[in-house]
$ cat upload_3.tsv   # TSV, C-alpha atoms
chain	number	residue	atom	x	y	z
I	1299	MET	CA	-4.94	-31.89	-84.34
I	1300	ALA	CA	-5.94	-33.04	-80.87
I	1301	VAL	CA	-9.04	-31.06	-79.99
I	1302	ILE	CA	-11.43	-28.60	-81.63
I	1303	THR	CA	-13.79	-26.37	-79.66
I	1304	ILE	CA	-16.86	-24.84	-81.26
I	1305	SER	CA	-18.58	-21.83	-79.72
I	1306	ARG	CA	-21.61	-20.45	-81.50
I	1307	GLN	CA	-24.60	-18.21	-81.51
I	1308	PHE	CA	-27.60	-20.47	-81.16
I	1309	GLY	CA	-28.88	-21.55	-84.56
I	1310	ALA	CA	-25.61	-20.77	-86.36
I	1311	GLY	CA	-25.09	-24.47	-87.12
I	1312	GLY	CA	-22.58	-25.49	-84.46
I	1313	ILE	CA	-23.94	-28.98	-83.91
I	1314	THR	CA	-24.36	-29.66	-87.62
I	1315	LEU	CA	-20.90	-28.38	-88.55
I	1316	GLY	CA	-19.30	-30.13	-85.58
I	1317	LYS	CA	-20.74	-33.47	-86.63
I	1318	MET	CA	-19.65	-32.91	-90.24
I	1319	ILE	CA	-16.06	-32.17	-89.22
I	1320	ALA	CA	-16.01	-35.06	-86.75
I	1321	GLU	CA	-17.17	-37.48	-89.43
I	1322	GLU	CA	-14.55	-36.21	-91.89
I	1323	LEU	CA	-11.69	-36.48	-89.37
I	1324	GLY	CA	-12.89	-39.56	-87.52
I	1325	TYR	CA	-13.12	-37.52	-84.30
I	1326	VAL	CA	-15.55	-37.91	-81.41
I	1327	PHE	CA	-18.21	-35.19	-81.33
I	1328	ALA	CA	-18.65	-34.36	-77.65
I	1329	ASP	CA	-21.93	-32.62	-76.89
I	1330	ASN	CA	-24.38	-34.89	-75.11
I	1331	ARG	CA	-21.43	-37.17	-74.44
I	1332	ILE	CA	-20.19	-34.68	-71.86
I	1333	ILE	CA	-23.54	-34.85	-70.06
I	1334	GLN	CA	-23.36	-38.64	-70.12
I	1335	MET	CA	-19.84	-38.67	-68.70
I	1336	VAL	CA	-20.73	-36.26	-65.89
I	1337	ALA	CA	-23.80	-38.37	-65.07
I	1338	GLU	CA	-21.73	-41.54	-64.99
I	1339	ALA	CA	-19.01	-39.98	-62.86
I	1340	ALA	CA	-21.50	-38.54	-60.34
I	1341	ASN	CA	-23.81	-41.57	-60.49
I	1342	VAL	CA	-26.86	-39.45	-61.28
I	1343	SER	CA	-29.32	-39.26	-64.18
I	1344	GLN	CA	-28.60	-37.29	-67.33
I	1345	GLY	CA	-31.71	-35.25	-66.57
I	1346	TRP	CA	-30.18	-34.20	-63.25
I	1347	VAL	CA	-27.00	-33.09	-65.02
I	1348	GLU	CA	-29.00	-31.12	-67.59
I	1349	SER	CA	-30.95	-29.31	-64.87
I	1350	VAL	CA	-27.79	-28.44	-62.95
I	1351	GLU	CA	-26.09	-27.33	-66.16
I	1352	LYS	CA	-28.75	-24.69	-66.75
I	1353	GLU	CA	-28.07	-23.13	-63.35
I	1354	ALA	CA	-24.30	-23.50	-63.20
I	1355	GLY	CA	-23.31	-20.10	-64.58
I	1356	THR	CA	-22.87	-18.35	-61.28
I	1357	LYS	CA	-19.82	-20.42	-60.36
I	1358	LEU	CA	-18.19	-21.23	-63.69
I	1359	SER	CA	-15.99	-18.14	-63.69
I	1360	ARG	CA	-14.46	-19.17	-60.36
I	1361	ALA	CA	-13.74	-22.65	-61.70
I	1362	ILE	CA	-12.19	-21.26	-64.87
I	1363	SER	CA	-10.04	-18.80	-62.95
I	1364	LYS	CA	-8.45	-21.68	-61.02
I	1365	ILE	CA	-7.84	-23.99	-63.95
I	1366	ILE	CA	-4.05	-23.71	-63.91
I	1367	ALA	CA	-3.45	-23.89	-60.15
I	1368	GLN	CA	-6.13	-26.33	-59.05
I	1369	LYS	CA	-5.67	-30.10	-58.92
I	1370	TRP	CA	-9.16	-31.01	-60.02
I	1371	LEU	CA	-8.81	-34.75	-59.66
I	1372	ASP	CA	-8.06	-34.39	-55.97
I	1373	ARG	CA	-11.34	-32.53	-55.52
I	1374	ILE	CA	-13.48	-35.18	-57.18
I	1375	LEU	CA	-14.00	-37.39	-54.12
I	1376	ALA	CA	-15.60	-40.81	-54.01
I	1377	ASP	CA	-18.12	-39.81	-51.35
I	1378	GLU	CA	-19.58	-37.24	-53.73
I	1379	ARG	CA	-20.95	-39.94	-56.03
I	1380	GLY	CA	-24.70	-40.26	-56.22
I	1381	TYR	CA	-25.20	-36.51	-55.86
I	1382	LEU	CA	-24.54	-33.47	-58.01
I	1383	ASP	CA	-24.68	-29.75	-57.36
I	1384	GLU	CA	-23.31	-26.75	-59.28
I	1385	LYS	CA	-19.87	-26.83	-57.70
I	1386	MET	CA	-19.43	-30.54	-58.32
I	1387	TYR	CA	-20.77	-30.23	-61.86
I	1388	LEU	CA	-18.19	-27.56	-62.66
I	1389	ASP	CA	-15.39	-29.65	-61.19
I	1390	TYR	CA	-16.43	-32.63	-63.28
I	1391	LEU	CA	-16.85	-30.44	-66.36
I	1392	VAL	CA	-13.34	-28.99	-66.18
I	1393	VAL	CA	-11.85	-32.43	-65.54
I	1394	ILE	CA	-13.77	-34.14	-68.35
I	1395	ILE	CA	-13.09	-31.46	-70.94
I	1396	SER	CA	-9.42	-31.41	-69.99
I	1397	GLN	CA	-9.21	-35.21	-70.16
I	1398	MET	CA	-10.95	-35.25	-73.55
I	1399	ALA	CA	-8.42	-32.75	-74.82
I	1400	GLU	CA	-5.50	-34.84	-73.59
I	1401	GLU	CA	-6.94	-37.97	-75.20
I	1402	GLY	CA	-7.34	-36.02	-78.43
I	1403	ASN	CA	-9.33	-36.49	-81.61
I	1404	VAL	CA	-12.40	-34.78	-80.20
I	1405	ILE	CA	-14.67	-31.86	-81.02
I	1406	ILE	CA	-16.18	-30.11	-77.99
I	1407	LEU	CA	-19.27	-27.96	-78.31
I	1408	GLY	CA	-19.57	-24.97	-76.00
I	1409	ARG	CA	-19.58	-25.24	-72.18
I	1410	GLY	CA	-16.80	-22.70	-71.82
I	1411	SER	CA	-14.34	-25.00	-73.55
I	1412	GLN	CA	-12.70	-22.04	-75.30
I	1413	TYR	CA	-11.73	-20.77	-71.84
I	1414	ILE	CA	-10.91	-24.12	-70.25
I	1415	LEU	CA	-8.60	-25.05	-73.12
I	1416	ASN	CA	-7.40	-21.54	-73.92
I	1417	ASP	CA	-3.74	-22.44	-73.39
I	1418	HIS	CA	-3.89	-26.00	-74.68
I	1419	PRO	CA	-1.20	-26.26	-77.36
I	1420	ASP	CA	-3.19	-28.59	-79.61
I	1421	ALA	CA	-6.58	-26.88	-79.32
I	1422	PHE	CA	-8.21	-25.16	-82.30
I	1423	HIS	CA	-11.01	-22.75	-81.33
I	1424	ILE	CA	-13.89	-21.86	-83.67
I	1425	LEU	CA	-16.69	-19.30	-83.29
I	1426	LEU	CA	-19.81	-19.39	-85.48
I	1427	VAL	CA	-21.97	-16.30	-85.92
I	1428	ASN	CA	-24.99	-15.48	-88.06
I	1429	SER	CA	-27.88	-13.04	-88.23
I	1430	TYR	CA	-30.99	-13.59	-86.13
I	1431	GLU	CA	-33.16	-14.15	-89.20
I	1432	ASN	CA	-30.79	-16.71	-90.71
I	1433	ARG	CA	-30.58	-18.56	-87.42
I	1434	VAL	CA	-34.37	-18.74	-87.22
I	1435	LYS	CA	-34.46	-20.13	-90.76
I	1436	PHE	CA	-31.74	-22.64	-89.93
I	1437	MET	CA	-33.71	-24.00	-86.97
I	1438	MET	CA	-36.86	-24.23	-89.09
I	1439	GLU	CA	-35.10	-26.09	-91.89
I	1440	HIS	CA	-32.89	-28.41	-89.86
I	1441	TYR	CA	-35.18	-29.16	-86.91
I	1442	ASN	CA	-38.59	-29.04	-88.58
I	1443	LEU	CA	-39.85	-26.18	-86.38
I	1444	THR	CA	-42.57	-23.66	-87.07
I	1445	ARG	CA	-41.40	-20.08	-87.49
I	1446	SER	CA	-42.90	-19.00	-84.17
I	1447	LYS	CA	-41.28	-21.91	-82.34
I	1448	ALA	CA	-37.92	-21.26	-83.99
I	1449	MET	CA	-38.08	-17.55	-83.16
I	1450	SER	CA	-38.94	-18.28	-79.54
I	1451	LEU	CA	-36.16	-20.84	-79.23
I	1452	VAL	CA	-33.47	-18.64	-80.78
I	1453	SER	CA	-34.51	-15.60	-78.72
I	1454	ASN	CA	-34.62	-17.57	-75.47
I	1455	GLU	CA	-31.24	-19.18	-76.10
I	1456	ASP	CA	-29.70	-15.80	-77.01
I	1457	ARG	CA	-30.89	-14.37	-73.70
I	1458	ARG	CA	-29.69	-17.43	-71.84
I	1459	ARG	CA	-26.24	-17.16	-73.42
I	1460	ILE	CA	-25.95	-13.44	-72.63
I	1461	ASN	CA	-27.13	-13.88	-69.05
I	1462	LEU	CA	-24.87	-16.86	-68.50
I	1463	TYR	CA	-21.73	-15.03	-69.54
I	1464	ARG	CA	-22.74	-11.92	-67.61
I	1465	ARG	CA	-22.95	-14.04	-64.47
I	1466	LEU	CA	-19.61	-15.54	-65.37
I	1467	GLY	CA	-18.02	-12.13	-65.60
I	1468	LYS	CA	-17.06	-13.13	-69.14
I	1469	GLN	CA	-18.21	-10.54	-71.63
I	1470	ASP	CA	-15.59	-11.34	-74.26
I	1471	TYR	CA	-17.06	-14.67	-75.39
I	1472	ASP	CA	-17.54	-13.33	-78.94
I	1473	ASN	CA	-14.13	-11.64	-79.00
I	1474	PRO	CA	-12.31	-12.88	-82.14
I	1475	GLU	CA	-9.03	-12.93	-80.21
I	1476	LEU	CA	-10.25	-16.00	-78.29
I	1477	TYR	CA	-10.51	-18.03	-81.47
I	1478	HIS	CA	-8.39	-19.26	-84.34
I	1479	VAL	CA	-11.19	-18.52	-86.77
I	1480	VAL	CA	-14.59	-16.80	-86.72
I	1481	LEU	CA	-17.03	-18.08	-89.34
I	1482	ASN	CA	-19.84	-15.82	-90.50
I	1483	MET	CA	-22.37	-18.43	-91.54
I	1484	SER	CA	-24.46	-15.87	-93.41
I	1485	ARG	CA	-21.64	-15.86	-95.98
I	1486	LEU	CA	-20.62	-19.51	-95.91
I	1487	SER	CA	-22.41	-22.76	-96.62
I	1488	LEU	CA	-21.86	-25.58	-94.16
I	1489	GLU	CA	-19.80	-27.43	-96.77
I	1490	LYS	CA	-17.55	-24.41	-97.38
I	1491	ALA	CA	-17.19	-23.84	-93.64
I	1492	LYS	CA	-16.19	-27.47	-93.19
I	1493	ALA	CA	-13.63	-27.27	-95.99
I	1494	LEU	CA	-12.15	-24.07	-94.56
I	1495	VAL	CA	-11.84	-25.51	-91.07
I	1496	LEU	CA	-10.25	-28.71	-92.35
I	1497	GLU	CA	-7.72	-26.69	-94.35
I	1498	LEU	CA	-6.82	-24.51	-91.36
I	1499	ILE	CA	-6.52	-27.53	-89.08
I	1500	ALA	CA	-4.21	-29.24	-91.54
I	1501	GLU	CA	-2.02	-26.12	-91.69
I	1502	LYS	CA	-1.89	-25.89	-87.90
I	1503	ALA	CA	-0.92	-29.56	-87.67
I	1504	LYS	CA	2.00	-28.92	-90.05
I	1505	ASP	CA	3.16	-25.98	-87.95
I	1506	ASN	CA	3.21	-28.21	-84.88
$ encode --input "upload_3.tsv" --output "structure tokens"
Amino acid sequence: MAVITISRQFGAGGITLGKMIAEELGYVFADNRIIQMVAEAANVSQGWVESVEKEAGTKLSRAISKIIAQKWLDRILADERGYLDEKMYLDYLVVIISQMAEEGNVIILGRGSQYILNDHPDAFHILLVNSYENRVKFMMEHYNLTRSKAMSLVSNEDRRRINLYRRLGKQDYDNPELYHVVLNMSRLSLEKAKALVLELIAEKAKDN
């Protein structure tokens, strides 16, 4: 299996599960690594990338719609280094995620990777869902947060996710048809979810 993408409702355990699967398979877990790579490519700070990332939703749909036809590498010009805006960020993002997928043995968390790699023959797409209450409890237990802080964080990230995809013109981000498997984490432990994913990945590898 070359590449796994994990989309999730915030607090459903995407980071934790992704790291568990990556450790089991010996894969790279690409979350903050993507931010680092964009920062290095653009010659800017990681903080700059993070701030641009939060505002990049208005143009991501246009970038995604041109994935097949556009030669991204030709658009990433040397004179753009040392500066980063939304358009450049999205160009770098599509290039980096695509390159990671071609190199293989990587797990990519979010950032529209289920769309960017929708037609990649070796991609395996996962969606994690859970109830609001369980996600609040997860954040409290795994990140040592107070209940009020966890509730605020989950609610804010839910709104951010909804608003982002609305601006993208992508309202099907939780559509099961986009994914190989949807995991309801209210009914699965992290260990069982990991075992299930590993089994499905092994089966897919045999089919290929």
$ residues_around --input "upload_3.tsv" --residues "stretch 1419-1431 of chain I" --least-positions-apart "4" --cutoff "9 Å" --atoms "all atoms listed in the file" --output "PyMOL selection string"
chain I and resi 1299-1312+1399-1400+1402+1411-1412+1415+1435-1436+1449+1452-1453+1472+1474+1476-1485+1495+1499+1502-1503+1506
$ write_last_selection --input "upload_3.tsv" --atoms "C-alpha atoms" --output "short mmCIF file (atom, residue, chain, number, x, y, z; two decimals), in the frame of the given file"
data_model
loop_
_atom_site.label_atom_id
_atom_site.label_comp_id
_atom_site.auth_asym_id
_atom_site.auth_seq_id
_atom_site.Cartn_x
_atom_site.Cartn_y
_atom_site.Cartn_z
CA MET I 1299 -4.94 -31.89 -84.34
CA ALA I 1300 -5.94 -33.04 -80.87
CA VAL I 1301 -9.04 -31.06 -79.99
CA ILE I 1302 -11.43 -28.60 -81.63
CA THR I 1303 -13.79 -26.37 -79.66
CA ILE I 1304 -16.86 -24.84 -81.26
CA SER I 1305 -18.58 -21.83 -79.72
CA ARG I 1306 -21.61 -20.45 -81.50
CA GLN I 1307 -24.60 -18.21 -81.51
CA PHE I 1308 -27.60 -20.47 -81.16
CA GLY I 1309 -28.88 -21.55 -84.56
CA ALA I 1310 -25.61 -20.77 -86.36
CA GLY I 1311 -25.09 -24.47 -87.12
CA GLY I 1312 -22.58 -25.49 -84.46
CA ALA I 1399 -8.42 -32.75 -74.82
CA GLU I 1400 -5.50 -34.84 -73.59
CA GLY I 1402 -7.34 -36.02 -78.43
CA SER I 1411 -14.34 -25.00 -73.55
CA GLN I 1412 -12.70 -22.04 -75.30
CA LEU I 1415 -8.60 -25.05 -73.12
CA LYS I 1435 -34.46 -20.13 -90.76
CA PHE I 1436 -31.74 -22.64 -89.93
CA MET I 1449 -38.08 -17.55 -83.16
CA VAL I 1452 -33.47 -18.64 -80.78
CA SER I 1453 -34.51 -15.60 -78.72
CA ASP I 1472 -17.54 -13.33 -78.94
CA PRO I 1474 -12.31 -12.88 -82.14
CA LEU I 1476 -10.25 -16.00 -78.29
CA TYR I 1477 -10.51 -18.03 -81.47
CA HIS I 1478 -8.39 -19.26 -84.34
CA VAL I 1479 -11.19 -18.52 -86.77
CA VAL I 1480 -14.59 -16.80 -86.72
CA LEU I 1481 -17.03 -18.08 -89.34
CA ASN I 1482 -19.84 -15.82 -90.50
CA MET I 1483 -22.37 -18.43 -91.54
CA SER I 1484 -24.46 -15.87 -93.41
CA ARG I 1485 -21.64 -15.86 -95.98
CA VAL I 1495 -11.84 -25.51 -91.07
CA ILE I 1499 -6.52 -27.53 -89.08
CA LYS I 1502 -1.89 -25.89 -87.90
CA ALA I 1503 -0.92 -29.56 -87.67
CA ASN I 1506 3.21 -28.21 -84.88
#
$ closest_residue --input "upload_3.tsv" --among "I:Gln1344, I:Val1350, I:Ile1406, I:Ser1396" --to "I:Val1326" --atoms "all atoms listed in the file"
I:Ile1406
$ atom_distance --input "upload_3.tsv" --atom1 "atom CA of I:Glu1321" --atom2 "atom CA of I:Tyr1413"
24.9 Å
$ atom_distance --input "upload_3.tsv" --atom1 "atom CA of I:Val1393" --atom2 "atom CA of I:Ile1332"
10.7 Å
$ atom_distance --input "upload_3.tsv" --atom1 "atom CA of I:Gly1316" --atom2 "atom CA of I:Glu1497"
14.9 Å
$ closest_residue --input "upload_3.tsv" --among "I:Ala1448, I:Val1347, I:His1418, I:Gly1380" --to "I:Gln1397" --atoms "only C-alpha atoms"
I:His1418
$ residues_around --input "upload_3.tsv" --residues "I:Val1336" --least-positions-apart "3" --cutoff "9 Å" --atoms "all atoms listed in the file" --output "mmCIF file with C-alpha atoms, in the frame of the given file"
data_model
loop_
_atom_site.group_PDB
_atom_site.id
_atom_site.type_symbol
_atom_site.label_atom_id
_atom_site.label_comp_id
_atom_site.auth_asym_id
_atom_site.auth_seq_id
_atom_site.Cartn_x
_atom_site.Cartn_y
_atom_site.Cartn_z
ATOM 1 C CA ARG I 1331 -21.430 -37.170 -74.440
ATOM 2 C CA ILE I 1332 -20.190 -34.680 -71.860
ATOM 3 C CA ILE I 1333 -23.540 -34.850 -70.060
ATOM 4 C CA ALA I 1339 -19.010 -39.980 -62.860
ATOM 5 C CA ALA I 1340 -21.500 -38.540 -60.340
ATOM 6 C CA ASN I 1341 -23.810 -41.570 -60.490
ATOM 7 C CA VAL I 1342 -26.860 -39.450 -61.280
ATOM 8 C CA GLN I 1344 -28.600 -37.290 -67.330
ATOM 9 C CA VAL I 1347 -27.000 -33.090 -65.020
ATOM 10 C CA TYR I 1387 -20.770 -30.230 -61.860
ATOM 11 C CA TYR I 1390 -16.430 -32.630 -63.280
ATOM 12 C CA LEU I 1391 -16.850 -30.440 -66.360
ATOM 13 C CA ILE I 1394 -13.770 -34.140 -68.350
#
$ closest_residue --input "upload_3.tsv" --among "I:Ala1328, I:Met1318, I:Ile1313, I:Met1437" --to "I:Ala1493" --atoms "all atoms listed in the file"
I:Met1318
$ axis_aligned_box --input "upload_3.tsv" --around "stretch 1399-1403 of chain I" --padding-each-side "4 Å" --output "AutoDock Vina command-line options"
--center_x -7.4 --center_y -35.4 --center_z -77.6 --size_x 11.8 --size_y 13.2 --size_z 16.0
$ residues_around --input "upload_3.tsv" --residues "I:Ser1446" --least-positions-apart "5" --cutoff "10 Å" --atoms "all atoms listed in the file" --output "PyMOL selection string"
chain I and resi 1434+1438+1451
